[in-house]
file my_file-v8.cif (mmCIF, C-alpha atoms)
data_coords
#
loop_
_atom_site.group_PDB
_atom_site.id
_atom_site.type_symbol
_atom_site.label_atom_id
_atom_site.label_comp_id
_atom_site.auth_asym_id
_atom_site.auth_seq_id
_atom_site.Cartn_x
_atom_site.Cartn_y
_atom_site.Cartn_z
ATOM 1 C CA MET A 1 -106.976 -59.889 -49.878
ATOM 2 C CA THR A 2 -106.272 -62.281 -52.721
ATOM 3 C CA TYR A 3 -103.865 -65.172 -52.492
ATOM 4 C CA VAL A 4 -100.962 -65.163 -54.945
ATOM 5 C CA ASN A 5 -98.921 -68.327 -55.302
ATOM 6 C CA PRO A 6 -95.199 -67.411 -54.998
ATOM 7 C CA ASP A 7 -94.210 -70.412 -57.126
ATOM 8 C CA PRO A 8 -94.825 -69.671 -60.823
ATOM 9 C CA ASP A 9 -96.548 -72.206 -63.019
ATOM 10 C CA PRO A 10 -93.772 -73.989 -64.987
ATOM 11 C CA ASP A 11 -96.021 -74.194 -68.067
ATOM 12 C CA ARG A 12 -96.299 -70.375 -68.247
ATOM 13 C CA THR A 13 -92.802 -69.353 -67.053
ATOM 14 C CA THR A 14 -90.399 -68.244 -69.767
ATOM 15 C CA GLY A 15 -86.991 -69.835 -69.979
ATOM 16 C CA LEU A 16 -87.979 -73.207 -68.505
ATOM 17 C CA GLU A 17 -87.769 -76.442 -70.423
ATOM 18 C CA ALA A 18 -90.182 -79.286 -69.995
ATOM 19 C CA GLY A 19 -89.675 -80.759 -66.539
ATOM 20 C CA GLY A 20 -88.535 -77.442 -65.038
ATOM 21 C CA GLY A 21 -84.937 -77.374 -66.275
ATOM 22 C CA VAL A 22 -83.255 -74.151 -67.368
ATOM 23 C CA PRO A 23 -81.523 -74.175 -70.756
ATOM 24 C CA PRO A 24 -77.944 -72.900 -71.079
ATOM 25 C CA GLY A 25 -77.793 -69.173 -71.705
ATOM 26 C CA GLU A 26 -80.856 -68.399 -69.554
ATOM 27 C CA THR A 27 -78.832 -68.145 -66.365
ATOM 28 C CA PRO A 28 -76.343 -65.364 -65.627
ATOM 29 C CA PRO A 29 -72.629 -66.213 -65.728
ATOM 30 C CA ALA A 30 -70.963 -67.405 -62.553
ATOM 31 C CA GLU A 31 -69.299 -64.872 -60.290
ATOM 32 C CA SER A 32 -65.643 -64.148 -60.753
ATOM 33 C CA SER A 33 -63.136 -65.125 -58.096
ATOM 34 C CA MET A 34 -62.713 -62.940 -55.027
ATOM 35 C CA PRO A 35 -58.944 -62.197 -54.838
ATOM 36 C CA GLU A 36 -59.374 -58.837 -56.547
ATOM 37 C CA ALA A 37 -62.454 -57.825 -54.596
ATOM 38 C CA GLY A 38 -60.616 -55.411 -52.319
ATOM 39 C CA PRO A 39 -57.222 -54.226 -51.102
ATOM 40 C CA TYR A 40 -54.656 -56.665 -49.805
ATOM 41 C CA GLU A 41 -55.577 -56.828 -46.105
ATOM 42 C CA LEU A 42 -52.137 -57.331 -44.569
ATOM 43 C CA SER A 43 -50.704 -54.238 -46.234
ATOM 44 C CA HIS A 44 -53.345 -51.979 -44.647
ATOM 45 C CA ASN A 45 -53.937 -53.745 -41.330
ATOM 46 C CA PRO A 46 -50.954 -55.897 -40.431
ATOM 47 C CA ALA A 47 -51.561 -58.571 -37.810
ATOM 48 C CA LYS A 48 -49.128 -58.007 -34.934
ATOM 49 C CA GLY A 49 -50.914 -59.932 -32.217
ATOM 50 C CA TRP A 50 -52.060 -58.397 -28.953
ATOM 51 C CA ALA A 51 -50.970 -54.879 -28.122
ATOM 52 C CA LYS A 52 -48.769 -54.587 -25.051
ATOM 53 C CA GLY A 53 -51.188 -52.382 -23.069
ATOM 54 C CA PRO A 54 -54.311 -54.587 -23.178
ATOM 55 C CA LEU A 55 -52.292 -57.760 -22.681
ATOM 56 C CA THR A 56 -50.567 -56.278 -19.620
ATOM 57 C CA ALA A 57 -53.911 -55.146 -18.181
ATOM 58 C CA ILE A 58 -55.482 -58.586 -18.655
ATOM 59 C CA LEU A 59 -52.495 -60.328 -17.056
ATOM 60 C CA ALA A 60 -52.573 -57.890 -14.113
ATOM 61 C CA VAL A 61 -56.274 -58.588 -13.494
ATOM 62 C CA VAL A 62 -55.699 -62.351 -13.684
ATOM 63 C CA ALA A 63 -52.743 -62.109 -11.273
ATOM 64 C CA PHE A 64 -54.809 -59.978 -8.860
ATOM 65 C CA ILE A 65 -57.695 -62.481 -8.872
ATOM 66 C CA ALA A 66 -55.319 -65.419 -8.396
ATOM 67 C CA ALA A 67 -53.584 -63.644 -5.484
ATOM 68 C CA PHE A 68 -56.960 -62.842 -3.911
ATOM 69 C CA PHE A 69 -58.054 -66.488 -3.955
ATOM 70 C CA LEU A 70 -54.654 -67.651 -2.715
ATOM 71 C CA VAL A 71 -54.788 -65.258 0.248
ATOM 72 C CA TYR A 72 -58.416 -66.240 0.910
ATOM 73 C CA ALA A 73 -57.462 -69.938 0.958
ATOM 74 C CA ILE A 74 -54.577 -69.259 3.344
ATOM 75 C CA ILE A 75 -56.889 -67.291 5.672
ATOM 76 C CA LEU A 76 -59.394 -70.172 5.703
ATOM 77 C CA LEU A 77 -56.656 -72.626 6.669
ATOM 78 C CA ILE A 78 -55.462 -70.520 9.614
#
call {"tool": "encode", "arguments": {"input": "my_file-v8.cif", "output": "structure tokens"}}
result
Amino acid sequence: MTYVNPDPDPDRTTGLEAGGGVPPGETPPAESSMPEAGPYELSHNPAKGWAKGPLTAILAVVAFIAAFFLVYAIILLI
């Protein structure tokens, strides 16, 4: 297997000035701005916060765990 240096020799690379700089016109233009990259997100997927079902389920589980530890603490005190 032969070793190939991934860094090109600046003396033999086209488009480089002395010292390794790149002259204007050798680089591609900058990217355009992103506002027109896709559809307006809020019109297709409006943010309405948590749905009522999952939020109710989470609160019920939290209340059940809190009640369990409260009853457990009361039993330990008796």
call {"tool": "atom_distance", "arguments": {"input": "my_file-v8.cif", "atom1": "CA of Phe68 (chain A)", "atom2": "CA of Ala51 (chain A)"}}
result
26.2 Å
call {"tool": "atom_distance", "arguments": {"input": "my_file-v8.cif", "atom1": "CA of Leu70 (chain A)", "atom2": "CA of Ile58 (chain A)"}}
result
18.4 Å
call {"tool": "atom_distance", "arguments": {"input": "my_file-v8.cif", "atom1": "CA of Pro23 (chain A)", "atom2": "CA of Asp7 (chain A)"}}
result
19.0 Å
call {"tool": "build_atoms", "arguments": {"input": "my_file-v8.cif", "residues": "region 52-74 of chain A", "atoms": "N, CA and C atoms", "output": "PDB file, in the frame of the given file"}}
result
ATOM      1  N   LYS A  52     -49.385 -54.404 -26.371  1.00  0.00           N
ATOM      2  CA  LYS A  52     -48.769 -54.587 -25.051  1.00  0.00           C
ATOM      3  C   LYS A  52     -49.657 -54.078 -23.920  1.00  0.00           C
ATOM      4  N   GLY A  53     -50.347 -52.966 -24.121  1.00  0.00           N
ATOM      5  CA  GLY A  53     -51.188 -52.382 -23.069  1.00  0.00           C
ATOM      6  C   GLY A  53     -52.336 -53.292 -22.642  1.00  0.00           C
ATOM      7  N   PRO A  54     -53.204 -53.715 -23.569  1.00  0.00           N
ATOM      8  CA  PRO A  54     -54.311 -54.587 -23.178  1.00  0.00           C
ATOM      9  C   PRO A  54     -53.849 -55.923 -22.615  1.00  0.00           C
ATOM     10  N   LEU A  55     -52.790 -56.487 -23.185  1.00  0.00           N
ATOM     11  CA  LEU A  55     -52.292 -57.760 -22.681  1.00  0.00           C
ATOM     12  C   LEU A  55     -51.765 -57.613 -21.258  1.00  0.00           C
ATOM     13  N   THR A  56     -51.071 -56.530 -20.969  1.00  0.00           N
ATOM     14  CA  THR A  56     -50.567 -56.278 -19.620  1.00  0.00           C
ATOM     15  C   THR A  56     -51.719 -56.083 -18.644  1.00  0.00           C
ATOM     16  N   ALA A  57     -52.755 -55.366 -19.051  1.00  0.00           N
ATOM     17  CA  ALA A  57     -53.911 -55.146 -18.181  1.00  0.00           C
ATOM     18  C   ALA A  57     -54.631 -56.450 -17.872  1.00  0.00           C
ATOM     19  N   ILE A  58     -54.813 -57.301 -18.866  1.00  0.00           N
ATOM     20  CA  ILE A  58     -55.482 -58.586 -18.655  1.00  0.00           C
ATOM     21  C   ILE A  58     -54.661 -59.463 -17.720  1.00  0.00           C
ATOM     22  N   LEU A  59     -53.352 -59.517 -17.929  1.00  0.00           N
ATOM     23  CA  LEU A  59     -52.495 -60.328 -17.056  1.00  0.00           C
ATOM     24  C   LEU A  59     -52.485 -59.792 -15.628  1.00  0.00           C
ATOM     25  N   ALA A  60     -52.541 -58.474 -15.456  1.00  0.00           N
ATOM     26  CA  ALA A  60     -52.573 -57.890 -14.113  1.00  0.00           C
ATOM     27  C   ALA A  60     -53.870 -58.254 -13.395  1.00  0.00           C
ATOM     28  N   VAL A  61     -54.986 -58.213 -14.103  1.00  0.00           N
ATOM     29  CA  VAL A  61     -56.274 -58.588 -13.494  1.00  0.00           C
ATOM     30  C   VAL A  61     -56.274 -60.061 -13.118  1.00  0.00           C
ATOM     31  N   VAL A  62     -55.762 -60.913 -13.985  1.00  0.00           N
ATOM     32  CA  VAL A  62     -55.699 -62.351 -13.684  1.00  0.00           C
ATOM     33  C   VAL A  62     -54.799 -62.596 -12.480  1.00  0.00           C
ATOM     34  N   ALA A  63     -53.649 -61.939 -12.408  1.00  0.00           N
ATOM     35  CA  ALA A  63     -52.743 -62.109 -11.273  1.00  0.00           C
ATOM     36  C   ALA A  63     -53.394 -61.611  -9.976  1.00  0.00           C
ATOM     37  N   PHE A  64     -54.128 -60.501 -10.045  1.00  0.00           N
ATOM     38  CA  PHE A  64     -54.809 -59.978  -8.860  1.00  0.00           C
ATOM     39  C   PHE A  64     -55.874 -60.954  -8.366  1.00  0.00           C
ATOM     40  N   ILE A  65     -56.651 -61.520  -9.265  1.00  0.00           N
ATOM     41  CA  ILE A  65     -57.695 -62.481  -8.872  1.00  0.00           C
ATOM     42  C   ILE A  65     -57.066 -63.742  -8.299  1.00  0.00           C
ATOM     43  N   ALA A  66     -55.992 -64.229  -8.907  1.00  0.00           N
ATOM     44  CA  ALA A  66     -55.319 -65.419  -8.396  1.00  0.00           C
ATOM     45  C   ALA A  66     -54.739 -65.154  -7.007  1.00  0.00           C
ATOM     46  N   ALA A  67     -54.141 -63.983  -6.798  1.00  0.00           N
ATOM     47  CA  ALA A  67     -53.584 -63.644  -5.484  1.00  0.00           C
ATOM     48  C   ALA A  67     -54.692 -63.528  -4.446  1.00  0.00           C
ATOM     49  N   PHE A  68     -55.840 -62.959  -4.833  1.00  0.00           N
ATOM     50  CA  PHE A  68     -56.960 -62.842  -3.911  1.00  0.00           C
ATOM     51  C   PHE A  68     -57.415 -64.217  -3.428  1.00  0.00           C
ATOM     52  N   PHE A  69     -57.605 -65.157  -4.359  1.00  0.00           N
ATOM     53  CA  PHE A  69     -58.054 -66.488  -3.955  1.00  0.00           C
ATOM     54  C   PHE A  69     -56.989 -67.247  -3.171  1.00  0.00           C
ATOM     55  N   LEU A  70     -55.721 -67.011  -3.478  1.00  0.00           N
ATOM     56  CA  LEU A  70     -54.654 -67.651  -2.715  1.00  0.00           C
ATOM     57  C   LEU A  70     -54.640 -67.137  -1.274  1.00  0.00           C
ATOM     58  N   VAL A  71     -54.752 -65.830  -1.098  1.00  0.00           N
ATOM     59  CA  VAL A  71     -54.788 -65.258   0.248  1.00  0.00           C
ATOM     60  C   VAL A  71     -56.039 -65.714   0.978  1.00  0.00           C
ATOM     61  N   TYR A  72     -57.164 -65.783   0.303  1.00  0.00           N
ATOM     62  CA  TYR A  72     -58.416 -66.240   0.910  1.00  0.00           C
ATOM     63  C   TYR A  72     -58.300 -67.691   1.390  1.00  0.00           C
ATOM     64  N   ALA A  73     -57.660 -68.540   0.559  1.00  0.00           N
ATOM     65  CA  ALA A  73     -57.462 -69.938   0.958  1.00  0.00           C
ATOM     66  C   ALA A  73     -56.546 -70.044   2.159  1.00  0.00           C
ATOM     67  N   ILE A  74     -55.499 -69.227   2.198  1.00  0.00           N
ATOM     68  CA  ILE A  74     -54.577 -69.259   3.344  1.00  0.00           C
ATOM     69  C   ILE A  74     -55.298 -68.794   4.624  1.00  0.00           C
TER      70      ILE A  74
END
